[in-house]
>>> print(open('start.tsv').read())   # TSV, C-alpha atoms
chain	number	residue	atom	x	y	z
A	259	MET	CA	-13.35	14.01	-34.85
A	260	ALA	CA	-15.40	15.66	-32.15
A	261	ARG	CA	-16.64	18.52	-34.25
A	262	GLN	CA	-19.32	17.79	-36.79
A	263	ALA	CA	-19.78	20.84	-38.98
A	264	PRO	CA	-16.60	22.14	-40.62
A	265	PRO	CA	-15.77	25.76	-39.84
A	266	ARG	CA	-16.47	28.62	-42.20
A	267	ARG	CA	-15.64	27.79	-45.78
A	268	ARG	CA	-13.56	30.00	-47.97
A	269	PRO	CA	-14.83	30.74	-51.48
A	270	GLY	CA	-14.14	27.88	-53.84
A	271	GLU	CA	-13.37	25.44	-51.03
A	272	LEU	CA	-14.91	21.99	-51.21
A	273	SER	CA	-17.44	20.96	-48.60
A	274	PHE	CA	-16.63	17.93	-46.47
A	275	ALA	CA	-19.04	15.73	-48.43
A	276	GLY	CA	-17.70	17.08	-51.69
A	277	ARG	CA	-14.18	16.28	-50.63
A	278	ARG	CA	-15.20	12.74	-49.77
A	279	ARG	CA	-16.94	12.27	-53.13
A	280	LEU	CA	-13.85	13.54	-54.94
A	281	PHE	CA	-11.70	11.13	-52.91
A	282	VAL	CA	-13.89	8.15	-53.79
A	283	VAL	CA	-13.38	8.88	-57.49
A	284	GLY	CA	-9.63	9.19	-57.04
A	285	ALA	CA	-9.37	6.19	-54.73
A	286	VAL	CA	-11.19	3.91	-57.17
A	287	GLY	CA	-8.72	4.99	-59.83
A	288	LEU	CA	-5.73	4.52	-57.56
A	289	ALA	CA	-6.88	1.11	-56.33
A	290	GLY	CA	-7.53	0.05	-59.92
A	291	LEU	CA	-4.06	1.11	-61.02
A	292	LEU	CA	-2.41	-0.61	-58.05
A	293	LEU	CA	-4.36	-3.84	-58.60
A	294	TRP	CA	-3.59	-3.72	-62.30
A	295	GLY	CA	0.11	-3.36	-61.50
A	296	LEU	CA	0.09	-6.05	-58.84
A	297	ALA	CA	-1.77	-8.41	-61.17
A	298	GLY	CA	1.48	-8.59	-63.11
A	299	LEU	CA	3.20	-10.21	-60.13
A	300	PRO	CA	3.39	-13.99	-59.90
A	301	ASP	CA	0.50	-15.56	-57.98
A	302	PHE	CA	0.80	-15.49	-54.21
A	303	SER	CA	3.05	-18.23	-52.81
A	304	THR	CA	4.19	-19.52	-56.19
A	305	PHE	CA	7.38	-17.54	-56.59
A	306	THR	CA	10.64	-17.35	-54.65
A	307	PRO	CA	13.05	-14.54	-55.49
A	308	VAL	CA	16.40	-16.05	-56.47
A	309	TYR	CA	18.53	-13.64	-54.45
A	310	GLY	CA	16.85	-14.67	-51.21
A	311	GLN	CA	17.13	-18.38	-52.01
A	312	VAL	CA	20.86	-18.03	-52.73
A	313	LEU	CA	21.34	-16.22	-49.42
A	314	ASN	CA	19.35	-18.89	-47.56
A	315	ARG	CA	21.63	-21.51	-49.05
A	316	VAL	CA	25.01	-19.82	-48.43
A	317	ALA	CA	24.61	-17.44	-45.46
A	318	VAL	CA	25.07	-20.05	-42.72
A	319	GLU	CA	28.29	-21.34	-44.27
A	320	GLU	CA	29.68	-18.00	-45.38
A	321	ARG	CA	28.93	-15.93	-42.30
A	322	SER	CA	28.29	-18.42	-39.47
A	323	THR	CA	24.92	-16.72	-38.99
A	324	THR	CA	21.82	-18.82	-38.45
A	325	ASP	CA	19.43	-15.87	-38.80
A	326	VAL	CA	19.64	-15.01	-42.50
A	327	VAL	CA	17.55	-11.83	-42.05
A	328	THR	CA	20.22	-10.47	-39.70
A	329	ALA	CA	22.93	-11.57	-42.13
A	330	VAL	CA	21.19	-9.53	-44.84
A	331	ASN	CA	20.80	-6.50	-42.56
A	332	PHE	CA	24.25	-6.33	-41.06
A	333	ASP	CA	26.42	-7.97	-43.70
A	334	TYR	CA	25.18	-8.56	-47.24
A	335	ARG	CA	23.18	-5.32	-47.31
A	336	GLY	CA	25.00	-3.61	-44.43
A	337	PHE	CA	25.34	-0.41	-46.38
A	338	ASP	CA	21.55	-0.06	-46.57
A	339	THR	CA	21.36	-0.49	-42.81
A	340	LEU	CA	23.90	2.30	-42.41
A	341	GLY	CA	21.50	4.57	-44.28
A	342	GLU	CA	18.57	3.32	-42.24
A	343	GLU	CA	20.42	3.97	-38.98
A	344	PHE	CA	21.22	7.50	-40.04
A	345	ILE	CA	17.63	8.18	-41.06
A	346	LEU	CA	16.69	7.45	-37.47
A	347	PHE	CA	19.64	9.47	-36.20
A	348	ALA	CA	18.65	12.50	-38.28
A	349	ALA	CA	14.99	12.13	-37.32
A	350	VAL	CA	15.79	12.23	-33.60
A	351	LEU	CA	18.06	15.26	-34.10
A	352	VAL	CA	15.34	17.12	-35.99
A	353	LEU	CA	12.77	16.15	-33.38
A	354	GLY	CA	14.99	17.69	-30.71
A	355	LEU	CA	15.27	20.82	-32.82
A	356	LEU	CA	11.50	21.05	-33.38
A	357	LEU	CA	10.71	20.52	-29.71
A	358	ARG	CA	13.36	22.82	-28.26
A	359	ALA	CA	12.33	25.41	-25.68
A	360	LEU	CA	11.11	28.32	-27.75
A	361	ALA	CA	11.74	31.98	-27.01
A	362	GLU	CA	8.47	32.32	-25.13
A	363	GLU	CA	8.99	29.15	-23.12
A	364	ARG	CA	11.04	28.26	-20.10
A	365	ARG	CA	11.90	24.97	-18.43
A	366	GLY	CA	9.91	24.76	-15.22
A	367	LYS	CA	10.10	22.34	-12.34
A	368	ILE	CA	7.87	19.32	-12.18
A	369	ASP	CA	6.29	20.38	-8.88
A	370	ASP	CA	5.58	24.00	-9.67
A	371	ASP	CA	2.43	25.90	-10.35
A	372	ALA	CA	0.76	23.60	-12.81
A	373	PRO	CA	-1.05	20.95	-10.81
A	374	ARG	CA	-3.21	19.84	-13.71
A	375	ARG	CA	-0.08	18.62	-15.45
A	376	HIS	CA	0.50	16.13	-12.68
A	377	PRO	CA	-0.51	12.71	-13.86
A	378	GLY	CA	-1.50	11.84	-10.27
A	379	LYS	CA	-0.38	8.92	-8.18
A	380	THR	CA	-0.54	5.58	-9.88
A	381	SER	CA	-2.04	2.68	-7.97
A	382	ASP	CA	0.14	0.31	-5.98
A	383	ALA	CA	-0.68	-2.56	-8.33
A	384	VAL	CA	0.60	-0.60	-11.33
A	385	ARG	CA	3.71	0.53	-9.49
A	386	LEU	CA	4.56	-2.96	-8.32
A	387	THR	CA	3.99	-4.52	-11.75
A	388	THR	CA	6.02	-1.95	-13.63
A	389	VAL	CA	8.92	-1.98	-11.14
A	390	ALA	CA	9.00	-5.76	-11.37
A	391	LEU	CA	9.02	-5.55	-15.17
A	392	VAL	CA	11.88	-3.06	-15.58
A	393	GLY	CA	14.67	-5.56	-14.88
A	394	PRO	CA	13.33	-8.33	-17.14
A	395	THR	CA	12.69	-5.78	-19.91
A	396	VAL	CA	16.31	-4.59	-19.87
A	397	LEU	CA	17.48	-8.20	-19.78
A	398	LEU	CA	15.25	-9.07	-22.72
A	399	ALA	CA	16.63	-6.09	-24.65
A	400	ILE	CA	20.21	-7.27	-24.09
A	401	TYR	CA	19.27	-10.83	-25.01
A	402	ILE	CA	17.49	-9.82	-28.22
A	403	THR	CA	20.37	-7.58	-29.27
A	404	ALA	CA	23.11	-10.10	-28.47
A	405	HIS	CA	21.39	-13.07	-30.14
A	406	GLY	CA	20.49	-11.28	-33.36
A	407	HIS	CA	22.77	-13.51	-35.42
A	408	LEU	CA	21.32	-16.71	-33.92
A	409	THR	CA	17.57	-16.20	-33.54
A	410	PRO	CA	15.12	-13.47	-34.63
A	411	GLY	CA	16.20	-10.15	-33.20
A	412	GLY	CA	19.03	-7.69	-33.46
A	413	GLY	CA	19.89	-4.13	-32.61
A	414	PHE	CA	16.73	-2.45	-33.88
A	415	GLN	CA	14.38	-4.69	-31.95
A	416	GLY	CA	16.54	-4.79	-28.80
A	417	GLY	CA	17.03	-1.02	-28.79
A	418	VAL	CA	13.30	-0.34	-28.90
A	419	ILE	CA	12.69	-2.82	-26.06
A	420	ALA	CA	15.39	-1.10	-23.97
A	421	ALA	CA	13.65	2.25	-24.48
A	422	THR	CA	10.34	0.82	-23.25
A	423	ALA	CA	12.02	0.05	-19.91
A	424	LEU	CA	12.27	3.81	-19.46
A	425	LEU	CA	8.57	4.22	-20.20
A	426	LEU	CA	7.84	1.59	-17.55
A	427	VAL	CA	9.73	3.68	-14.99
A	428	TYR	CA	7.63	6.70	-15.98
A	429	LEU	CA	4.42	4.68	-15.79
A	430	GLY	CA	5.12	3.15	-12.40
A	431	GLY	CA	7.12	5.89	-10.74
A	432	ASP	CA	6.89	9.46	-11.87
A	433	TYR	CA	8.65	11.85	-14.14
A	434	ALA	CA	11.31	12.75	-11.57
A	435	ALA	CA	12.17	9.05	-11.18
A	436	MET	CA	12.39	8.71	-14.93
A	437	ARG	CA	14.79	11.63	-15.15
A	438	ARG	CA	17.06	9.99	-12.59
A	439	VAL	CA	17.42	6.77	-14.59
A	440	ARG	CA	17.95	8.69	-17.80
A	441	PRO	CA	21.18	10.69	-17.61
A	442	LEU	CA	20.87	12.60	-20.86
A	443	THR	CA	24.61	13.02	-21.41
A	444	LEU	CA	25.09	9.26	-21.21
A	445	VAL	CA	22.11	8.61	-23.49
A	446	THR	CA	23.37	11.09	-26.09
A	447	THR	CA	26.84	9.58	-25.89
A	448	ALA	CA	25.44	6.06	-26.38
A	449	LYS	CA	23.46	7.24	-29.38
A	450	ALA	CA	26.48	8.92	-30.95
A	451	ALA	CA	28.75	5.95	-30.13
A	452	GLY	CA	26.26	3.62	-31.80
A	453	ALA	CA	26.07	5.68	-34.97
A	454	GLY	CA	29.82	6.30	-35.07
A	455	GLY	CA	30.66	2.70	-34.15
A	456	PHE	CA	28.76	1.37	-37.17
A	457	VAL	CA	30.84	3.57	-39.48
A	458	LEU	CA	34.10	2.66	-37.70
A	459	ILE	CA	33.42	-1.08	-38.03
A	460	GLY	CA	32.65	-0.44	-41.70
A	461	LEU	CA	35.97	1.36	-42.09
A	462	GLY	CA	37.65	-1.60	-40.37
A	463	GLY	CA	36.34	-3.74	-43.23
A	464	LEU	CA	37.81	-1.28	-45.70
A	465	ILE	CA	41.23	-1.42	-44.02
A	466	PHE	CA	41.49	-5.13	-43.17
A	467	ALA	CA	39.38	-6.80	-45.87
A	468	GLY	CA	39.42	-4.36	-48.74
A	469	ALA	CA	35.74	-3.29	-48.82
A	470	PHE	CA	33.57	-1.03	-46.68
A	471	LEU	CA	31.52	-3.10	-44.17
A	472	GLN	CA	33.24	-6.31	-45.29
A	473	ASN	CA	33.17	-8.88	-42.48
A	474	PHE	CA	36.80	-8.90	-41.34
A	475	LEU	CA	36.68	-10.66	-37.96
A	476	PRO	CA	36.98	-14.44	-37.35
A	477	LEU	CA	33.63	-16.11	-38.11
A	478	GLY	CA	33.64	-18.95	-35.58
A	479	GLN	CA	31.05	-21.73	-35.56
A	480	PRO	CA	27.41	-21.26	-36.63
A	481	GLY	CA	25.07	-21.33	-33.64
A	482	HIS	CA	27.61	-19.97	-31.17
A	483	LEU	CA	27.09	-16.69	-29.34
A	484	VAL	CA	30.57	-15.45	-30.21
A	485	ALA	CA	30.55	-15.97	-33.96
A	486	ALA	CA	29.67	-14.28	-37.24
A	487	GLY	CA	32.49	-11.73	-37.09
A	488	THR	CA	31.32	-8.13	-37.26
A	489	ILE	CA	27.59	-8.93	-37.35
A	490	PRO	CA	27.02	-8.96	-33.54
A	491	LEU	CA	29.15	-5.84	-33.16
A	492	LEU	CA	27.17	-3.96	-35.80
A	493	SER	CA	23.98	-5.18	-34.13
A	494	LEU	CA	25.22	-3.85	-30.80
A	495	ALA	CA	26.10	-0.49	-32.36
A	496	VAL	CA	22.61	-0.25	-33.83
A	497	GLY	CA	21.13	-1.31	-30.49
A	498	LEU	CA	22.90	1.54	-28.69
A	499	GLU	CA	21.86	4.04	-31.32
A	500	VAL	CA	18.21	2.95	-31.38
A	501	ALA	CA	17.90	2.75	-27.58
A	502	GLY	CA	19.51	6.19	-27.18
A	503	GLY	CA	17.45	7.65	-29.99
A	504	PHE	CA	14.13	6.39	-28.65
A	505	VAL	CA	14.93	7.47	-25.09
A	506	LEU	CA	15.69	10.99	-26.36
A	507	LEU	CA	12.54	10.96	-28.47
A	508	LEU	CA	10.32	9.92	-25.54
A	509	SER	CA	12.00	12.43	-23.25
A	510	GLU	CA	11.49	15.31	-25.66
A	511	LEU	CA	7.80	14.50	-26.10
A	512	LEU	CA	7.20	14.11	-22.34
A	513	ASP	CA	9.12	17.35	-21.65
A	514	GLN	CA	6.60	19.17	-23.80
A	515	LEU	CA	3.82	18.25	-21.44
A	516	LEU	CA	5.60	18.22	-18.11
A	517	VAL	CA	8.52	20.66	-18.16
A	518	LEU	CA	8.07	23.41	-20.70
A	519	ARG	CA	6.08	26.44	-19.51
A	520	ARG	CA	4.88	29.40	-21.45
A	521	ARG	CA	6.47	32.63	-20.23
A	522	ARG	CA	3.55	34.92	-20.91
A	523	GLU	CA	-0.13	34.38	-21.46
A	524	ARG	CA	-1.04	33.34	-24.97
A	525	ARG	CA	-1.85	36.32	-27.11
A	526	SER	CA	-5.53	36.51	-27.89
A	527	GLN	CA	-6.14	35.54	-31.48
B	103	MET	CA	-7.49	-16.88	-53.89
B	104	SER	CA	-3.84	-16.62	-54.81
B	105	PHE	CA	-4.24	-12.88	-55.34
B	106	LEU	CA	-5.86	-12.04	-51.98
B	107	PRO	CA	-2.79	-10.71	-50.05
B	108	TYR	CA	-2.14	-8.14	-52.77
B	109	VAL	CA	-5.77	-7.03	-52.60
B	110	VAL	CA	-5.42	-6.69	-48.82
B	111	ALA	CA	-2.34	-4.48	-49.29
B	112	VAL	CA	-4.21	-2.20	-51.71
B	113	TRP	CA	-7.24	-2.07	-49.40
B	114	VAL	CA	-5.13	-1.11	-46.37
B	115	CYS	CA	-3.43	1.61	-48.41
B	116	VAL	CA	-6.68	3.09	-49.74
B	117	ILE	CA	-8.53	2.93	-46.41
B	118	GLY	CA	-5.62	4.79	-44.78
B	119	LEU	CA	-5.80	7.47	-47.47
B	120	TYR	CA	-9.55	7.75	-46.85
B	121	GLY	CA	-8.76	8.37	-43.18
B	122	ILE	CA	-6.31	11.15	-44.07
B	123	VAL	CA	-8.70	12.86	-46.49
B	124	THR	CA	-11.63	12.84	-44.07
B	125	SER	CA	-9.54	13.53	-40.96
B	126	ARG	CA	-10.63	16.23	-38.55
B	127	HIS	CA	-7.64	15.90	-36.24
B	128	LEU	CA	-3.95	15.87	-37.15
B	129	ILE	CA	-3.03	13.09	-34.71
B	130	HIS	CA	-5.72	10.98	-36.38
B	131	ALA	CA	-4.24	11.86	-39.78
B	132	ILE	CA	-0.76	10.82	-38.62
B	133	ILE	CA	-2.07	7.44	-37.45
B	134	CYS	CA	-3.82	7.04	-40.81
B	135	LEU	CA	-0.49	7.65	-42.53
B	136	SER	CA	0.95	4.78	-40.47
B	137	VAL	CA	-1.92	2.63	-41.74
B	138	VAL	CA	-1.02	3.56	-45.33
B	139	GLN	CA	2.56	2.59	-44.64
B	140	SER	CA	1.61	-0.76	-43.14
B	141	SER	CA	0.18	-1.73	-46.53
B	142	THR	CA	3.79	-1.89	-47.73
B	143	TYR	CA	4.61	-4.40	-44.98
B	144	VAL	CA	1.79	-6.64	-46.18
B	145	LEU	CA	2.92	-6.35	-49.78
B	146	LEU	CA	6.61	-7.01	-49.06
B	147	LEU	CA	5.96	-10.01	-46.87
B	148	ALA	CA	3.39	-11.38	-49.32
B	149	ILE	CA	5.96	-11.29	-52.13
B	150	GLY	CA	8.46	-13.34	-50.12
B	151	TYR	CA	6.04	-15.85	-48.63
B	152	ARG	CA	5.75	-19.44	-49.77
B	153	LYS	CA	3.37	-21.95	-48.32
B	154	GLY	CA	5.09	-24.74	-46.41
B	155	TYR	CA	8.44	-23.01	-46.33
B	156	ALA	CA	10.16	-22.37	-43.00
B	157	ALA	CA	11.32	-19.05	-41.57
B	158	PRO	CA	14.87	-18.20	-42.70
B	159	ILE	CA	16.29	-19.04	-39.25
B	160	PHE	CA	18.50	-22.13	-39.39
B	161	ILE	CA	19.36	-22.50	-35.73
B	162	ASP	CA	17.19	-25.57	-35.16
B	163	ILE	CA	16.34	-26.81	-38.66
B	164	PRO	CA	18.62	-28.48	-41.25
B	165	ARG	CA	20.43	-26.03	-43.49
B	166	SER	CA	18.89	-27.54	-46.59
B	167	THR	CA	15.32	-26.75	-45.43
B	168	LYS	CA	13.44	-24.58	-47.90
B	169	ALA	CA	12.85	-21.16	-46.32
B	170	VAL	CA	10.94	-18.02	-47.31
B	171	ASP	CA	12.73	-14.98	-48.72
B	172	PRO	CA	14.91	-13.19	-46.12
B	173	VAL	CA	15.54	-10.08	-48.23
B	174	VAL	CA	11.96	-8.77	-48.17
B	175	GLN	CA	11.86	-9.42	-44.42
B	176	ALA	CA	14.98	-7.28	-43.96
B	177	LEU	CA	13.36	-4.61	-46.16
B	178	THR	CA	10.25	-4.71	-43.96
B	179	LEU	CA	12.44	-4.06	-40.92
B	180	THR	CA	13.85	-0.98	-42.64
B	181	ASP	CA	10.31	0.05	-43.50
B	182	VAL	CA	9.19	-0.20	-39.86
B	183	VAL	CA	12.14	1.86	-38.63
B	184	VAL	CA	11.58	4.59	-41.21
B	185	GLY	CA	7.87	4.56	-40.37
B	186	GLY	CA	8.69	5.14	-36.71
B	187	ALA	CA	10.96	8.05	-37.57
B	188	VAL	CA	8.34	9.67	-39.81
B	189	THR	CA	5.60	9.29	-37.18
B	190	ALA	CA	7.80	10.82	-34.46
B	191	LEU	CA	8.66	13.83	-36.62
B	192	LEU	CA	5.04	14.43	-37.62
B	193	LEU	CA	3.93	14.21	-33.98
B	194	ALA	CA	6.56	16.81	-33.04
B	195	ILE	CA	5.24	19.12	-35.77
B	196	ALA	CA	1.69	18.56	-34.48
B	197	VAL	CA	2.78	19.53	-30.96
B	198	GLN	CA	4.24	22.81	-32.22
B	199	LEU	CA	1.22	23.53	-34.42
B	200	ASP	CA	-1.07	23.12	-31.45
B	201	LYS	CA	1.09	25.51	-29.44
B	202	HIS	CA	1.13	28.17	-32.14
B	203	LEU	CA	-2.42	27.96	-33.47
B	204	GLY	CA	-4.31	26.31	-30.63
B	205	THR	CA	-5.97	23.78	-32.90
B	206	LEU	CA	-5.25	20.45	-34.54
B	207	ASP	CA	-8.17	20.53	-36.94
B	208	PRO	CA	-6.77	20.52	-40.48
B	209	ASP	CA	-9.77	22.57	-41.66
B	210	GLU	CA	-8.81	25.41	-39.36
B	211	LEU	CA	-5.24	25.60	-40.60
B	212	ASP	CA	-5.44	28.63	-42.82
B	213	PRO	CA	-2.26	29.22	-44.80
B	214	LEU	CA	-2.89	32.96	-44.77
B	215	ARG	CA	-3.19	33.27	-40.98
B	216	ASP	CA	-0.11	34.73	-39.36
>>> encode(input="start.tsv", output="structure tokens")
Amino acid sequence: MARQAPPRRRPGELSFAGRRRLFVVGAVGLAGLLLWGLAGLPDFSTFTPVYGQVLNRVAVEERSTTDVVTAVNFDYRGFDTLGEEFILFAAVLVLGLLLRALAEERRGKIDDDAPRRHPGKTSDAVRLTTVALVGPTVLLAIYITAHGHLTPGGGFQGGVIAATALLLVYLGGDYAAMRRVRPLTLVTTAKAAGAGGFVLIGLGGLIFAGAFLQNFLPLGQPGHLVAAGTIPLLSLAVGLEVAGGFVLLLSELLDQLLVLRRRRERRSQ
Amino acid sequence: MSFLPYVVAVWVCVIGLYGIVTSRHLIHAIICLSVVQSSTYVLLLAIGYRKGYAAPIFIDIPRSTKAVDPVVQALTLTDVVVGGAVTALLLAIAVQLDKHLGTLDPDELDPLRD
């Protein structure tokens, strides 16, 4: 973005302007094809897919769940959510692998010889605001996760909100403070328990109701906090997994800047 | 203009691709990829939307109320989660590239350099 002229060009390589011209040709074609395909869809706001309408009609009765989106995620299409959860799980694992301390790196201390890595003291106003926000943020995360079957929300949303509480600690305090509120063993355990718990609840359905992820617990009354059988439990499992995953993800990325040190000077290139 | 939301989805997709093609910084390219992906949110939600229909949350409305499609909304949630995972992985790769090659300009990434 900062540089204007592209660096030396290899023989046969397109210039920047040439690349852009080539893209315009391709993009017009792509947009035309997409629009042509989408033109075959019913006009906007004239069509309601039948599957969704059936679910809207029956989900509240069948599952005691007033949020039909959550009923789809954690019950009717629970198997898809299992895959989705494990995509995130695998992504965080691979991120940890990519950002591990390499052979030429070591884990330094925060207060060692690299003063330019210090973000500096934050102002009192920022510290006060963020400290005041940490509690309500955690509470909101629990609320959103626990009420997923009643109102918009659920484990994915609640888990991400919980992870932002950690970022608030980093923003208002410092990295050392953030490390204290983030015991990595506990976070990893929560993440694993969330991923494993989802599968175990699914197996419970297989044992007690005859199908994987079948809702096998008492359903209770619609609109009650304790209702909807396995849906709140699955939501909680996802919440743990997502919160743990995002905390690990943020920690790994911050470690890159603040903890990892190069052992030797970079070789001249 | 009953076709407009679909046009918006296509436009968001193509403008994101334009950003990737003309990018001079990998972080910028990764953000552009997120823009491309957000076109799928627009498309999914546009398919399920119906004017005058309520959200599919029946906590405070009668159960017989007509509501928009919940399935595409659940799909959009999946889409957002996968998008987050992809962005995080690409950012990690960008961090390591910068460490190894000292640049994030795609034009300076020479496949033949050791």
>>> atom_distance(input="start.tsv", atom1="CA of Gly354 in chain A", atom2="CA of Asp338 in chain A")
24.7 Å
>>> residues_around(input="start.tsv", residues="Val173 in chain B", least_positions_apart="5", cutoff="9 Å", atoms="all atoms listed in the file", output="compact mmCIF listing (two decimals) with C-alpha atoms, in the frame of the given file")
# COMPACT_ATOMS: atom_id res chain seq x y z
CA PRO A 307 13.05 -14.54 -55.49
CA TYR A 309 18.53 -13.64 -54.45
CA GLY A 310 16.85 -14.67 -51.21
CA LEU A 313 21.34 -16.22 -49.42
CA VAL A 326 19.64 -15.01 -42.50
CA VAL A 327 17.55 -11.83 -42.05
CA VAL A 330 21.19 -9.53 -44.84
CA ASN A 331 20.80 -6.50 -42.56
CA GLY B 150 8.46 -13.34 -50.12
CA THR B 178 10.25 -4.71 -43.96
>>> interface_residues(input="start.tsv", of="chain A", to="chain B", cutoff="6 Å", atoms="all atoms listed in the file", output="PyMOL selection string")
chain A and resi 259+301-303+310+324-327+346+349+353
>>> atom_distance(input="start.tsv", atom1="CA of Val392 in chain A", atom2="CA of Ala423 in chain A")
5.3 Å
>>> closest_residue(input="start.tsv", among="A:Val500, A:Leu296, A:Val318, A:Thr328", to="Gly406 in chain A", atoms="only C-alpha atoms")
A:Thr328
>>> axis_aligned_box(input="start.tsv", around="range 118-132 of chain B", padding_each_side="6 Å", output="AutoDock Vina command-line options")
--center_x -6.2 --center_y 10.5 --center_z -41.1 --size_x 22.9 --size_y 23.4 --size_z 24.8
>>> atom_distance(input="start.tsv", atom1="CA of Ser322 in chain A", atom2="CA of Gly417 in chain A")
23.3 Å
>>> residues_around(input="start.tsv", residues="range 444-452 of chain A", least_positions_apart="4", cutoff="8 Å", atoms="only C-alpha atoms", output="PyMOL selection string")
chain A and resi 440+456+494-503+505-506
>>> closest_residue(input="start.tsv", among="A:Thr395, A:Ser493, A:Asn314, A:Gln514", to="His407 in chain A", atoms="only C-alpha atoms")
A:Ser493
>>> residues_around(input="start.tsv", residues="Ile133 in chain B", least_positions_apart="3", cutoff="9 Å", atoms="all atoms listed in the file", output="PyMOL selection string")
chain B and resi 118+121-122+128-130+136-138+189
>>> build_atoms(input="start.tsv", residues="range 130-148 of chain B", atoms="N, CA and C atoms", output="mmCIF file, in the coordinates of the input")
data_model
loop_
_atom_site.group_PDB
_atom_site.id
_atom_site.type_symbol
_atom_site.label_atom_id
_atom_site.label_comp_id
_atom_site.auth_asym_id
_atom_site.auth_seq_id
_atom_site.Cartn_x
_atom_site.Cartn_y
_atom_site.Cartn_z
ATOM 1 N N HIS B 130 -4.992 12.016 -35.642
ATOM 2 C CA HIS B 130 -5.720 10.980 -36.380
ATOM 3 C C HIS B 130 -5.130 10.823 -37.775
ATOM 4 N N ALA B 131 -4.806 11.936 -38.421
ATOM 5 C CA ALA B 131 -4.240 11.860 -39.780
ATOM 6 C C ALA B 131 -2.880 11.179 -39.763
ATOM 7 N N ILE B 132 -2.090 11.437 -38.708
ATOM 8 C CA ILE B 132 -0.760 10.820 -38.620
ATOM 9 C C ILE B 132 -0.896 9.302 -38.456
ATOM 10 N N ILE B 133 -1.857 8.886 -37.626
ATOM 11 C CA ILE B 133 -2.070 7.440 -37.450
ATOM 12 C C ILE B 133 -2.522 6.823 -38.764
ATOM 13 N N CYS B 134 -3.374 7.548 -39.511
ATOM 14 C CA CYS B 134 -3.820 7.040 -40.810
ATOM 15 C C CYS B 134 -2.643 6.876 -41.758
ATOM 16 N N LEU B 135 -1.673 7.784 -41.675
ATOM 17 C CA LEU B 135 -0.490 7.650 -42.530
ATOM 18 C C LEU B 135 0.276 6.372 -42.169
ATOM 19 N N SER B 136 0.325 6.038 -40.862
ATOM 20 C CA SER B 136 0.950 4.780 -40.470
ATOM 21 C C SER B 136 0.215 3.593 -41.061
ATOM 22 N N VAL B 137 -1.129 3.709 -41.135
ATOM 23 C CA VAL B 137 -1.920 2.630 -41.740
ATOM 24 C C VAL B 137 -1.540 2.473 -43.213
ATOM 25 N N VAL B 138 -1.431 3.617 -43.913
ATOM 26 C CA VAL B 138 -1.020 3.560 -45.330
ATOM 27 C C VAL B 138 0.316 2.846 -45.440
ATOM 28 N N GLN B 139 1.236 3.192 -44.539
ATOM 29 C CA GLN B 139 2.560 2.590 -44.640
ATOM 30 C C GLN B 139 2.515 1.092 -44.343
ATOM 31 N N SER B 140 1.619 0.675 -43.451
ATOM 32 C CA SER B 140 1.610 -0.760 -43.140
ATOM 33 C C SER B 140 1.172 -1.585 -44.331
ATOM 34 N N SER B 141 0.522 -0.958 -45.326
ATOM 35 C CA SER B 141 0.180 -1.730 -46.530
ATOM 36 C C SER B 141 1.454 -2.213 -47.214
ATOM 37 N N THR B 142 2.547 -1.444 -47.085
ATOM 38 C CA THR B 142 3.790 -1.890 -47.730
ATOM 39 C C THR B 142 4.373 -3.095 -47.003
ATOM 40 N N TYR B 143 4.136 -3.204 -45.681
ATOM 41 C CA TYR B 143 4.610 -4.400 -44.980
ATOM 42 C C TYR B 143 3.901 -5.622 -45.542
ATOM 43 N N VAL B 144 2.572 -5.502 -45.676
ATOM 44 C CA VAL B 144 1.790 -6.640 -46.180
ATOM 45 C C VAL B 144 2.294 -7.041 -47.557
ATOM 46 N N LEU B 145 2.500 -6.049 -48.417
ATOM 47 C CA LEU B 145 2.920 -6.350 -49.780
ATOM 48 C C LEU B 145 4.295 -7.015 -49.808
ATOM 49 N N LEU B 146 5.255 -6.446 -49.052
ATOM 50 C CA LEU B 146 6.610 -7.010 -49.060
ATOM 51 C C LEU B 146 6.613 -8.447 -48.566
ATOM 52 N N LEU B 147 5.940 -8.669 -47.439
ATOM 53 C CA LEU B 147 5.960 -10.010 -46.870
ATOM 54 C C LEU B 147 5.208 -10.989 -47.762
ATOM 55 N N ALA B 148 4.149 -10.499 -48.429
ATOM 56 C CA ALA B 148 3.390 -11.380 -49.320
ATOM 57 C C ALA B 148 4.244 -11.828 -50.501
#
